[in-house]
$ cat protein_36.pdb   # PDB, C-alpha atoms
ATOM      1  CA  MET N   1     -72.246 -23.852  -1.200
ATOM      2  CA  TYR N   2     -69.867 -26.791  -1.550
ATOM      3  CA  PRO N   3     -71.652 -28.990  -4.173
ATOM      4  CA  PRO N   4     -71.852 -26.208  -6.808
ATOM      5  CA  ILE N   5     -68.228 -25.215  -6.137
ATOM      6  CA  TYR N   6     -67.142 -28.853  -6.441
ATOM      7  CA  LEU N   7     -69.044 -29.347  -9.704
ATOM      8  CA  LEU N   8     -67.577 -26.140 -11.106
ATOM      9  CA  LEU N   9     -63.939 -26.713 -10.167
ATOM     10  CA  VAL N  10     -63.156 -30.424  -9.802
ATOM     11  CA  PRO N  11     -64.759 -32.262 -12.773
ATOM     12  CA  THR N  12     -63.725 -29.460 -15.144
ATOM     13  CA  GLY N  13     -60.064 -29.678 -14.081
ATOM     14  CA  ILE N  14     -59.934 -26.024 -13.020
ATOM     15  CA  ALA N  15     -59.057 -26.948  -9.439
ATOM     16  CA  ARG N  16     -56.168 -29.165 -10.565
ATOM     17  CA  TYR N  17     -54.818 -26.390 -12.774
ATOM     18  CA  ILE N  18     -55.045 -23.771 -10.021
ATOM     19  CA  VAL N  19     -53.361 -25.991  -7.437
ATOM     20  CA  SER N  20     -50.534 -26.944  -9.807
ATOM     21  CA  THR N  21     -49.842 -23.382 -10.968
ATOM     22  CA  ALA N  22     -50.581 -21.298  -7.878
ATOM     23  CA  PRO N  23     -50.528 -23.478  -4.727
ATOM     24  CA  THR N  24     -49.699 -20.551  -2.412
ATOM     25  CA  LEU N  25     -52.548 -18.460  -3.798
ATOM     26  CA  ILE N  26     -55.106 -21.241  -3.366
ATOM     27  CA  ASN N  27     -53.805 -21.903   0.158
ATOM     28  CA  LEU N  28     -54.265 -18.229   1.024
ATOM     29  CA  PHE N  29     -57.825 -18.395  -0.251
ATOM     30  CA  GLY N  30     -58.424 -21.540   1.803
ATOM     31  CA  ALA N  31     -56.959 -19.865   4.896
ATOM     32  CA  TYR N  32     -59.582 -17.135   4.832
ATOM     33  CA  ILE N  33     -62.341 -19.660   4.135
ATOM     34  CA  ASP N  34     -61.150 -21.506   7.253
ATOM     35  CA  GLY N  35     -61.155 -18.180   9.083
ATOM     36  CA  ILE N  36     -64.818 -17.688   8.211
ATOM     37  CA  THR N  37     -65.961 -21.173   9.221
ATOM     38  CA  ARG N  38     -63.844 -21.411  12.366
ATOM     39  CA  GLY N  39     -64.489 -17.838  13.445
ATOM     40  CA  THR N  40     -68.236 -18.362  13.118
ATOM     41  CA  THR N  41     -67.965 -21.489  15.265
ATOM     42  CA  ILE N  42     -65.984 -19.702  17.971
ATOM     43  CA  THR N  43     -68.324 -16.730  18.144
ATOM     44  CA  ALA N  44     -71.349 -19.040  18.397
ATOM     45  CA  LEU N  45     -69.798 -21.046  21.237
ATOM     46  CA  PRO N  46     -70.778 -18.798  24.193
ATOM     47  CA  LYS N  47     -74.482 -19.067  23.362
ATOM     48  CA  ALA N  48     -74.095 -22.801  22.759
ATOM     49  CA  LEU N  49     -72.545 -23.232  26.209
ATOM     50  CA  ALA N  50     -75.259 -21.109  27.815
ATOM     51  CA  ALA N  51     -77.939 -23.265  26.172
ATOM     52  CA  GLY N  52     -76.228 -26.556  27.007
ATOM     53  CA  ALA N  53     -77.912 -29.701  28.285
ATOM     54  CA  TYR N  54     -76.321 -29.547  31.739
ATOM     55  CA  GLY N  55     -79.090 -27.590  33.438
ATOM     56  CA  ALA N  56     -79.533 -23.854  33.741
ATOM     57  CA  ALA N  57     -77.082 -23.429  36.611
ATOM     58  CA  ALA N  58     -74.331 -25.550  35.050
ATOM     59  CA  SER N  59     -74.761 -23.943  31.619
ATOM     60  CA  SER N  60     -74.553 -20.469  33.140
ATOM     61  CA  ALA N  61     -71.382 -21.430  35.003
ATOM     62  CA  LEU N  62     -69.792 -22.822  31.833
ATOM     63  CA  SER N  63     -70.590 -19.750  29.759
ATOM     64  CA  SER N  64     -69.283 -17.388  32.452
ATOM     65  CA  ASN N  65     -66.037 -19.298  32.928
ATOM     66  CA  LEU N  66     -63.343 -17.629  30.820
ATOM     67  CA  TRP N  67     -61.029 -20.652  30.929
ATOM     68  CA  THR N  68     -63.779 -22.989  29.712
ATOM     69  CA  THR N  69     -64.776 -20.630  26.906
ATOM     70  CA  SER N  70     -61.164 -20.178  25.746
ATOM     71  CA  LEU N  71     -60.262 -23.860  25.861
ATOM     72  CA  MET N  72     -63.462 -24.923  24.124
ATOM     73  CA  SER N  73     -62.816 -22.337  21.400
ATOM     74  CA  GLY N  74     -59.506 -24.010  20.561
ATOM     75  CA  LEU N  75     -60.854 -27.548  20.774
ATOM     76  CA  ALA N  76     -63.923 -26.767  18.685
ATOM     77  CA  VAL N  77     -61.847 -25.729  15.654
ATOM     78  CA  ALA N  78     -58.780 -27.976  16.026
ATOM     79  CA  SER N  79     -59.828 -31.335  17.483
ATOM     80  CA  GLY N  80     -61.291 -32.576  14.191
ATOM     81  CA  GLY N  81     -57.903 -32.128  12.537
ATOM     82  CA  TRP N  82     -56.260 -34.112  15.318
ATOM     83  CA  VAL N  83     -58.561 -37.051  14.611
ATOM     84  CA  VAL N  84     -57.798 -36.890  10.882
ATOM     85  CA  GLN N  85     -54.031 -36.699  11.445
ATOM     86  CA  GLY N  86     -53.999 -39.247  14.266
ATOM     87  CA  LEU N  87     -55.822 -41.908  12.234
ATOM     88  CA  GLY N  88     -54.405 -40.944   8.829
ATOM     89  CA  LEU N  89     -57.871 -40.360   7.382
ATOM     90  CA  HIS N  90     -56.379 -38.092   4.697
ATOM     91  CA  GLU N  91     -54.074 -40.870   3.446
ATOM     92  CA  SER N  92     -54.892 -43.611   0.930
ATOM     93  CA  GLU N  93     -54.609 -46.133   3.771
ATOM     94  CA  TRP N  94     -55.557 -45.406   7.349
ATOM     95  CA  LYS N  95     -52.739 -45.583   9.851
ATOM     96  CA  VAL N  96     -51.958 -44.291  13.319
ATOM     97  CA  GLY N  97     -49.939 -41.093  13.162
ATOM     98  CA  ARG N  98     -48.941 -38.126  15.277
ATOM     99  CA  PRO N  99     -51.165 -35.030  15.200
ATOM    100  CA  ALA N 100     -49.430 -31.750  14.414
ATOM    101  CA  ILE N 101     -50.296 -30.437  17.883
ATOM    102  CA  LEU N 102     -47.646 -32.783  19.329
ATOM    103  CA  SER N 103     -44.893 -31.284  17.174
ATOM    104  CA  GLY N 104     -44.826 -28.255  19.462
ATOM    105  CA  SER N 105     -43.825 -25.504  17.027
ATOM    106  CA  ILE N 106     -45.735 -22.241  16.752
ATOM    107  CA  LEU N 107     -46.956 -23.017  13.235
ATOM    108  CA  ASP N 108     -47.966 -26.602  14.000
ATOM    109  CA  THR N 109     -49.973 -25.578  17.065
ATOM    110  CA  LEU N 110     -51.521 -22.490  15.449
ATOM    111  CA  ASP N 111     -54.892 -24.202  14.959
ATOM    112  CA  LEU N 112     -55.260 -24.564  18.726
ATOM    113  CA  TRP N 113     -53.793 -21.353  20.090
ATOM    114  CA  SER N 114     -55.351 -19.168  17.402
ATOM    115  CA  GLY N 115     -58.774 -20.564  18.334
ATOM    116  CA  ILE N 116     -58.110 -19.800  22.000
ATOM    117  CA  LEU N 117     -56.903 -16.304  21.095
ATOM    118  CA  ILE N 118     -59.992 -15.556  19.012
ATOM    119  CA  GLY N 119     -62.217 -16.836  21.813
ATOM    120  CA  VAL N 120     -60.553 -14.354  24.173
ATOM    121  CA  LEU N 121     -60.765 -11.571  21.576
ATOM    122  CA  TYR N 122     -64.490 -12.113  21.048
ATOM    123  CA  ALA N 123     -65.074 -12.179  24.799
ATOM    124  CA  ALA N 124     -63.196  -8.882  25.164
ATOM    125  CA  LEU N 125     -65.166  -7.258  22.334
ATOM    126  CA  THR N 126     -68.474  -8.335  23.834
ATOM    127  CA  ARG N 127     -67.337  -7.746  27.441
ATOM    128  CA  SER N 128     -68.742 -11.105  28.474
ATOM    129  CA  HIS N 129     -66.052 -11.614  31.146
ATOM    130  CA  ALA N 130     -65.105  -8.957  33.662
ATOM    131  CA  ALA N 131     -61.509 -10.215  33.767
ATOM    132  CA  LEU N 132     -61.054  -9.017  30.167
ATOM    133  CA  ASN N 133     -62.221  -5.444  30.775
ATOM    134  CA  PRO N 134     -58.638  -4.070  30.601
ATOM    135  CA  ALA N 135     -58.195  -5.785  27.219
ATOM    136  CA  GLY N 136     -61.545  -4.322  26.129
ATOM    137  CA  ASP N 137     -60.412  -0.829  27.108
ATOM    138  CA  LEU N 138     -57.258  -1.296  25.042
ATOM    139  CA  LEU N 139     -59.256  -2.462  22.032
ATOM    140  CA  ALA N 140     -61.555   0.567  22.398
ATOM    141  CA  GLN N 141     -58.521   2.794  21.826
ATOM    142  CA  VAL N 142     -57.459   0.886  18.715
ATOM    143  CA  LEU N 143     -60.779   0.329  16.930
ATOM    144  CA  PRO N 144     -62.369   3.074  14.790
ATOM    145  CA  ALA N 145     -64.842   5.205  16.704
ATOM    146  CA  ASP N 146     -67.583   4.452  14.164
ATOM    147  CA  LEU N 147     -67.594   0.791  15.212
ATOM    148  CA  LEU N 148     -67.870   1.397  18.941
ATOM    149  CA  ILE N 149     -71.168   1.415  20.811
ATOM    150  CA  LYS N 150     -71.674   4.665  22.667
ATOM    151  CA  GLY N 151     -72.117   4.091  26.367
ATOM    152  CA  ASP N 152     -70.455   4.053  29.761
ATOM    153  CA  GLY N 153     -68.120   1.200  28.850
ATOM    154  CA  SER N 154     -69.946  -1.445  30.853
ATOM    155  CA  LYS N 155     -71.620  -2.987  27.800
ATOM    156  CA  ALA N 156     -70.213  -4.571  24.659
ATOM    157  CA  LEU N 157     -67.682  -2.532  22.708
ATOM    158  CA  VAL N 158     -69.246  -3.325  19.331
ATOM    159  CA  GLU N 159     -72.306  -4.993  17.886
ATOM    160  CA  PRO N 160     -72.260  -8.835  17.845
ATOM    161  CA  ASP N 161     -71.989  -8.930  14.038
ATOM    162  CA  THR N 162     -69.054  -6.517  14.135
ATOM    163  CA  ALA N 163     -67.337  -8.570  16.841
ATOM    164  CA  ARG N 164     -67.837 -11.685  14.706
ATOM    165  CA  ALA N 165     -66.422  -9.958  11.613
ATOM    166  CA  ILE N 166     -63.331  -8.768  13.519
ATOM    167  CA  SER N 167     -62.758 -12.255  14.920
ATOM    168  CA  VAL N 168     -63.075 -13.849  11.482
ATOM    169  CA  LEU N 169     -60.670 -11.324   9.934
ATOM    170  CA  VAL N 170     -58.014 -11.799  12.626
ATOM    171  CA  LEU N 171     -58.256 -15.599  12.516
ATOM    172  CA  GLY N 172     -58.104 -15.679   8.707
ATOM    173  CA  SER N 173     -55.047 -13.409   8.770
ATOM    174  CA  LEU N 174     -53.267 -15.702  11.253
ATOM    175  CA  LEU N 175     -53.944 -18.747   9.070
ATOM    176  CA  ALA N 176     -52.828 -16.841   5.958
ATOM    177  CA  ALA N 177     -49.627 -15.763   7.734
ATOM    178  CA  ARG N 178     -48.819 -19.441   8.318
ATOM    179  CA  VAL N 179     -49.236 -20.140   4.592
ATOM    180  CA  VAL N 180     -46.889 -17.277   3.662
ATOM    181  CA  THR N 181     -44.314 -18.269   6.294
ATOM    182  CA  LYS N 182     -44.213 -21.898   5.168
ATOM    183  CA  SER N 183     -43.966 -20.818   1.528
ATOM    184  CA  VAL N 184     -41.002 -18.533   2.258
ATOM    185  CA  VAL N 185     -39.228 -21.181   4.353
ATOM    186  CA  SER N 186     -39.765 -23.803   1.652
ATOM    187  CA  TYR N 187     -38.451 -21.436  -1.029
ATOM    188  CA  LYS N 188     -35.318 -20.602   0.961
ATOM    189  CA  ALA N 189     -34.670 -24.285   1.654
ATOM    190  CA  GLY N 190     -34.838 -25.140  -2.056
ATOM    191  CA  ALA N 191     -32.919 -22.116  -3.343
ATOM    192  CA  PRO N 192     -29.243 -22.675  -4.346
ATOM    193  CA  LYS N 193     -26.815 -21.286  -1.826
ATOM    194  CA  VAL N 194     -24.402 -18.605  -3.059
ATOM    195  CA  VAL N 195     -20.974 -18.873  -1.458
ATOM    196  CA  LYS N 196     -19.234 -15.529  -1.100
ATOM    197  CA  GLN N 197     -15.512 -15.605  -1.779
ATOM    198  CA  THR N 198     -12.840 -13.099  -0.993
ATOM    199  CA  ARG N 199     -10.519 -11.748  -3.658
ATOM    200  CA  GLU N 200      -7.647 -13.855  -2.329
ATOM    201  CA  GLN N 201      -9.739 -17.051  -2.435
ATOM    202  CA  MET N 202     -10.763 -16.416  -6.039
ATOM    203  CA  LEU N 203      -7.148 -15.766  -7.058
ATOM    204  CA  ALA N 204      -5.998 -18.944  -5.312
ATOM    205  CA  GLU N 205      -8.666 -20.995  -7.115
ATOM    206  CA  LEU N 206      -7.614 -19.519 -10.472
ATOM    207  CA  LEU N 207      -3.974 -20.449  -9.808
ATOM    208  CA  ASP N 208      -5.015 -23.967  -8.780
ATOM    209  CA  ASP N 209      -7.009 -24.369 -11.999
ATOM    210  CA  LYS N 210      -4.021 -23.325 -14.098
ATOM    211  CA  ASP N 211      -1.679 -25.712 -12.274
ATOM    212  CA  THR N 212      -4.185 -28.529 -12.734
ATOM    213  CA  ALA N 213      -4.478 -27.814 -16.452
ATOM    214  CA  VAL N 214      -0.677 -27.979 -16.860
ATOM    215  CA  VAL N 215      -0.479 -31.271 -14.973
ATOM    216  CA  LYS N 216      -3.351 -32.851 -16.895
ATOM    217  CA  ASN N 217      -1.975 -31.757 -20.328
ATOM    218  CA  PRO N 218       1.827 -31.878 -20.149
ATOM    219  CA  ILE N 219       3.801 -31.216 -23.342
ATOM    220  CA  GLN N 220       5.708 -34.384 -23.987
ATOM    221  CA  ALA N 221       8.263 -34.426 -26.746
ATOM    222  CA  GLY N 222       7.804 -37.206 -29.221
ATOM    223  CA  SER N 223       4.258 -38.079 -28.125
ATOM    224  CA  GLY N 224       1.980 -38.860 -31.035
ATOM    225  CA  SER N 225       4.589 -38.115 -33.740
ATOM    226  CA  LYS N 226       8.175 -38.898 -34.678
ATOM    227  CA  ALA N 227      10.855 -36.988 -32.883
ATOM    228  CA  THR N 228      12.382 -34.131 -34.828
ATOM    229  CA  PRO N 229      15.855 -35.124 -36.040
ATOM    230  CA  ARG N 230      18.709 -32.771 -35.354
ATOM    231  CA  LYS N 231      22.103 -32.615 -36.921
ATOM    232  CA  ASN N 232      25.344 -33.009 -35.043
ATOM    233  CA  LYS N 233      28.424 -31.077 -35.745
ATOM    234  CA  LYS N 234      29.592 -33.667 -38.292
ATOM    235  CA  GLY N 235      26.393 -33.274 -40.289
ATOM    236  CA  SER N 236      24.971 -36.653 -39.279
ATOM    237  CA  SER N 237      21.463 -36.551 -37.941
ATOM    238  CA  SER N 238      20.400 -38.169 -34.696
ATOM    239  CA  LYS N 239      17.114 -38.398 -32.963
ATOM    240  CA  SER N 240      16.602 -36.462 -29.813
ATOM    241  CA  PRO N 241      16.081 -38.627 -26.777
TER     242      PRO N 241
END
$ encode --input "protein_36.pdb" --output "structure tokens"
Amino acid sequence: MYPPIYLLLVPTGIARYIVSTAPTLINLFGAYIDGITRGTTITALPKALAAGAYGAAASSALSSNLWTTSLMSGLAVASGGWVVQGLGLHESEWKVGRPAILSGSILDTLDLWSGILIGVLYAALTRSHAALNPAGDLLAQVLPADLLIKGDGSKALVEPDTARAISVLVLGSLLAARVVTKSVVSYKAGAPKVVKQTREQMLAELLDDKDTAVVKNPIQAGSGSKATPRKNKKGSSSKSP
């Protein structure tokens, strides 16, 4: 998929135009593309663990361990970004940096905890861990009845493809929500602040402006022209001081 998309968008300049005119829109599109690729990885992880190279017993233990499945779900979709950020591979010159996971905020750590959350969600939809049965029962009440598998509740709630689609949609929506949140925060930070003034403050500022104008432009007699002569009582004229 990627070579044709690259040849269509990059050499023609379409990608540059889209990014410069609608960065938020292209980031939203990229968020859902990430949701598809990461969600597919997470939903394929349980089978990958079960078919691991640690022996049948060890692989079975790994796949049945909820903590292992959840943690591996986060690491599988976020650890590559940590390497890129830590070594500055996305910069013109490589340098040691700090991965976003160490910043600690909800948005900066979303790549990790969203992967863990989707791993748990997929496990609840497929009922692969008994500890998540209460979460599965809750999801059964929320999901449309047409998606649910009819049964006694001991098997998977939905078909594997449906569980994968739900996981991809939720993960893409979380990533898109981060794009929207950062866009709104950036817009508010760059917007000019409007200072509300009371009626008394506005009146005081108007009076100060008038006083300043009088001080800066005083009427000085005799400035720029000859003083106007005035006559005294005897008819002789004298200049005003």
$ resolve_selection --input "protein_36.pdb" --expression "the PyMOL selection byres ((chain N and resi 178-193) around 8)" --output "list in words"
Thr24, Asn27, Leu28, Ala31, Leu107, Leu174, Leu175, Ala176, Ala177, Val194 and Val195 of chain N
$ closest_residue --input "protein_36.pdb" --among "N:Ala22, N:Ala44, N:Ile101, N:Leu110" --to "Thr69 of chain N" --atoms "all atoms listed in the file"
N:Ala44
$ resolve_selection --input "protein_36.pdb" --expression "the PyMOL selection byres ((chain N and resi 77) around 9)" --output "ChimeraX atom specification"
/N:37-39,41-42,72-76,78-81,111-112,115
$ atom_distance --input "protein_36.pdb" --atom1 "atom CA of Ser70 of chain N" --atom2 "atom CA of Ala124 of chain N"
11.5 Å
$ closest_residue --input "protein_36.pdb" --among "N:Ile106, N:Leu66, N:Val158, N:Leu87" --to "His129 of chain N" --atoms "only C-alpha atoms"
N:Leu66
$ atom_distance --input "protein_36.pdb" --atom1 "atom CA of Ile36 of chain N" --atom2 "atom CA of Leu171 of chain N"
8.1 Å
$ atom_distance --input "protein_36.pdb" --atom1 "atom CA of Arg127 of chain N" --atom2 "atom CA of Ala156 of chain N"
5.1 Å
$ closest_residue --input "protein_36.pdb" --among "N:Gly86, N:Val168, N:Pro144, N:Lys95" --to "Leu121 of chain N" --atoms "all atoms listed in the file"
N:Val168
$ decode --input "protein_36.pdb" --residues "segment 122-210 of chain N" --atoms "C-alpha atoms" --output "PDB file, in the first residue's frame"
ATOM      1  CA  TYR N 122     -10.041  -7.593  23.119  1.00  0.00           C
ATOM      2  CA  ALA N 123      -9.550 -10.166  25.867  1.00  0.00           C
ATOM      3  CA  ALA N 124     -12.938  -9.247  27.353  1.00  0.00           C
ATOM      4  CA  LEU N 125     -14.669  -9.476  23.966  1.00  0.00           C
ATOM      5  CA  THR N 126     -13.177 -12.890  23.280  1.00  0.00           C
ATOM      6  CA  ARG N 127     -13.492 -14.055  26.912  1.00  0.00           C
ATOM      7  CA  SER N 128      -9.941 -15.363  26.841  1.00  0.00           C
ATOM      8  CA  HIS N 129      -9.390 -14.596  30.548  1.00  0.00           C
ATOM      9  CA  ALA N 130     -11.849 -15.563  33.250  1.00  0.00           C
ATOM     10  CA  ALA N 131     -10.889 -12.521  35.335  1.00  0.00           C
ATOM     11  CA  LEU N 132     -12.477 -10.281  32.678  1.00  0.00           C
ATOM     12  CA  ASN N 133     -15.863 -12.025  32.642  1.00  0.00           C
ATOM     13  CA  PRO N 134     -17.539  -9.167  34.586  1.00  0.00           C
ATOM     14  CA  ALA N 135     -16.216  -6.693  31.996  1.00  0.00           C
ATOM     15  CA  GLY N 136     -17.498  -9.008  29.249  1.00  0.00           C
ATOM     16  CA  ASP N 137     -20.957  -9.067  30.823  1.00  0.00           C
ATOM     17  CA  LEU N 138     -20.963  -5.269  30.901  1.00  0.00           C
ATOM     18  CA  LEU N 139     -19.945  -5.070  27.249  1.00  0.00           C
ATOM     19  CA  ALA N 140     -22.720  -7.537  26.352  1.00  0.00           C
ATOM     20  CA  GLN N 141     -25.238  -5.013  27.686  1.00  0.00           C
ATOM     21  CA  VAL N 142     -23.747  -2.160  25.664  1.00  0.00           C
ATOM     22  CA  LEU N 143     -23.100  -3.807  22.290  1.00  0.00           C
ATOM     23  CA  PRO N 144     -25.905  -4.253  19.726  1.00  0.00           C
ATOM     24  CA  ALA N 145     -27.620  -7.617  19.970  1.00  0.00           C
ATOM     25  CA  ASP N 146     -26.902  -8.343  16.297  1.00  0.00           C
ATOM     26  CA  LEU N 147     -23.166  -8.481  17.021  1.00  0.00           C
ATOM     27  CA  LEU N 148     -23.368 -10.873  19.951  1.00  0.00           C
ATOM     28  CA  ILE N 149     -22.925 -14.623  19.614  1.00  0.00           C
ATOM     29  CA  LYS N 150     -25.918 -16.485  20.969  1.00  0.00           C
ATOM     30  CA  GLY N 151     -24.940 -18.850  23.738  1.00  0.00           C
ATOM     31  CA  ASP N 152     -24.698 -19.387  27.471  1.00  0.00           C
ATOM     32  CA  GLY N 153     -22.154 -16.608  27.947  1.00  0.00           C
ATOM     33  CA  SER N 154     -19.179 -18.894  28.460  1.00  0.00           C
ATOM     34  CA  LYS N 155     -17.818 -18.359  24.944  1.00  0.00           C
ATOM     35  CA  ALA N 156     -16.681 -15.247  23.105  1.00  0.00           C
ATOM     36  CA  LEU N 157     -19.109 -12.338  23.012  1.00  0.00           C
ATOM     37  CA  VAL N 158     -18.533 -11.626  19.319  1.00  0.00           C
ATOM     38  CA  GLU N 159     -16.771 -13.112  16.333  1.00  0.00           C
ATOM     39  CA  PRO N 160     -12.971 -12.569  16.187  1.00  0.00           C
ATOM     40  CA  ASP N 161     -13.282 -10.201  13.208  1.00  0.00           C
ATOM     41  CA  THR N 162     -15.908  -8.156  15.043  1.00  0.00           C
ATOM     42  CA  ALA N 163     -13.742  -8.010  18.169  1.00  0.00           C
ATOM     43  CA  ARG N 164     -10.827  -6.832  16.019  1.00  0.00           C
ATOM     44  CA  ALA N 165     -12.969  -4.156  14.342  1.00  0.00           C
ATOM     45  CA  ILE N 166     -14.212  -2.844  17.708  1.00  0.00           C
ATOM     46  CA  SER N 167     -10.662  -2.723  19.061  1.00  0.00           C
ATOM     47  CA  VAL N 168      -9.401  -0.856  15.997  1.00  0.00           C
ATOM     48  CA  LEU N 169     -12.260   1.665  16.182  1.00  0.00           C
ATOM     49  CA  VAL N 170     -11.738   2.389  19.888  1.00  0.00           C
ATOM     50  CA  LEU N 171      -7.961   2.729  19.523  1.00  0.00           C
ATOM     51  CA  GLY N 172      -8.279   4.999  16.476  1.00  0.00           C
ATOM     52  CA  SER N 173     -10.776   7.181  18.347  1.00  0.00           C
ATOM     53  CA  LEU N 174      -8.400   7.534  21.317  1.00  0.00           C
ATOM     54  CA  LEU N 175      -5.545   8.585  19.028  1.00  0.00           C
ATOM     55  CA  ALA N 176      -7.840  11.004  17.172  1.00  0.00           C
ATOM     56  CA  ALA N 177      -8.995  12.494  20.491  1.00  0.00           C
ATOM     57  CA  ARG N 178      -5.357  13.289  21.298  1.00  0.00           C
ATOM     58  CA  VAL N 179      -5.005  15.124  17.973  1.00  0.00           C
ATOM     59  CA  VAL N 180      -8.131  17.207  18.645  1.00  0.00           C
ATOM     60  CA  THR N 181      -7.096  17.964  22.237  1.00  0.00           C
ATOM     61  CA  LYS N 182      -3.620  19.133  21.238  1.00  0.00           C
ATOM     62  CA  SER N 183      -5.078  21.240  18.426  1.00  0.00           C
ATOM     63  CA  VAL N 184      -7.516  22.971  20.793  1.00  0.00           C
ATOM     64  CA  VAL N 185      -4.827  23.580  23.428  1.00  0.00           C
ATOM     65  CA  SER N 186      -2.454  24.984  20.808  1.00  0.00           C
ATOM     66  CA  TYR N 187      -5.179  27.266  19.437  1.00  0.00           C
ATOM     67  CA  LYS N 188      -6.065  28.610  22.883  1.00  0.00           C
ATOM     68  CA  ALA N 189      -2.398  29.213  23.689  1.00  0.00           C
ATOM     69  CA  GLY N 190      -1.910  31.263  20.513  1.00  0.00           C
ATOM     70  CA  ALA N 191      -5.197  33.176  20.655  1.00  0.00           C
ATOM     71  CA  PRO N 192      -5.048  36.817  21.899  1.00  0.00           C
ATOM     72  CA  LYS N 193      -6.373  37.219  25.401  1.00  0.00           C
ATOM     73  CA  VAL N 194      -9.355  39.549  25.854  1.00  0.00           C
ATOM     74  CA  VAL N 195      -9.212  41.491  29.110  1.00  0.00           C
ATOM     75  CA  LYS N 196     -12.636  42.295  30.513  1.00  0.00           C
ATOM     76  CA  GLN N 197     -12.938  45.732  32.068  1.00  0.00           C
ATOM     77  CA  THR N 198     -15.565  47.165  34.323  1.00  0.00           C
ATOM     78  CA  ARG N 199     -17.365  50.389  33.499  1.00  0.00           C
ATOM     79  CA  GLU N 200     -15.380  52.259  36.149  1.00  0.00           C
ATOM     80  CA  GLN N 201     -12.049  51.007  34.758  1.00  0.00           C
ATOM     81  CA  MET N 202     -12.956  52.110  31.236  1.00  0.00           C
ATOM     82  CA  LEU N 203     -14.003  55.558  32.477  1.00  0.00           C
ATOM     83  CA  ALA N 204     -10.771  55.919  34.451  1.00  0.00           C
ATOM     84  CA  GLU N 205      -8.699  55.003  31.379  1.00  0.00           C
ATOM     85  CA  LEU N 206     -10.587  57.561  29.271  1.00  0.00           C
ATOM     86  CA  LEU N 207      -9.900  60.284  31.852  1.00  0.00           C
ATOM     87  CA  ASP N 208      -6.222  59.297  31.979  1.00  0.00           C
ATOM     88  CA  ASP N 209      -5.982  59.520  28.185  1.00  0.00           C
ATOM     89  CA  LYS N 210      -7.476  63.012  28.195  1.00  0.00           C
TER      90      LYS N 210
END
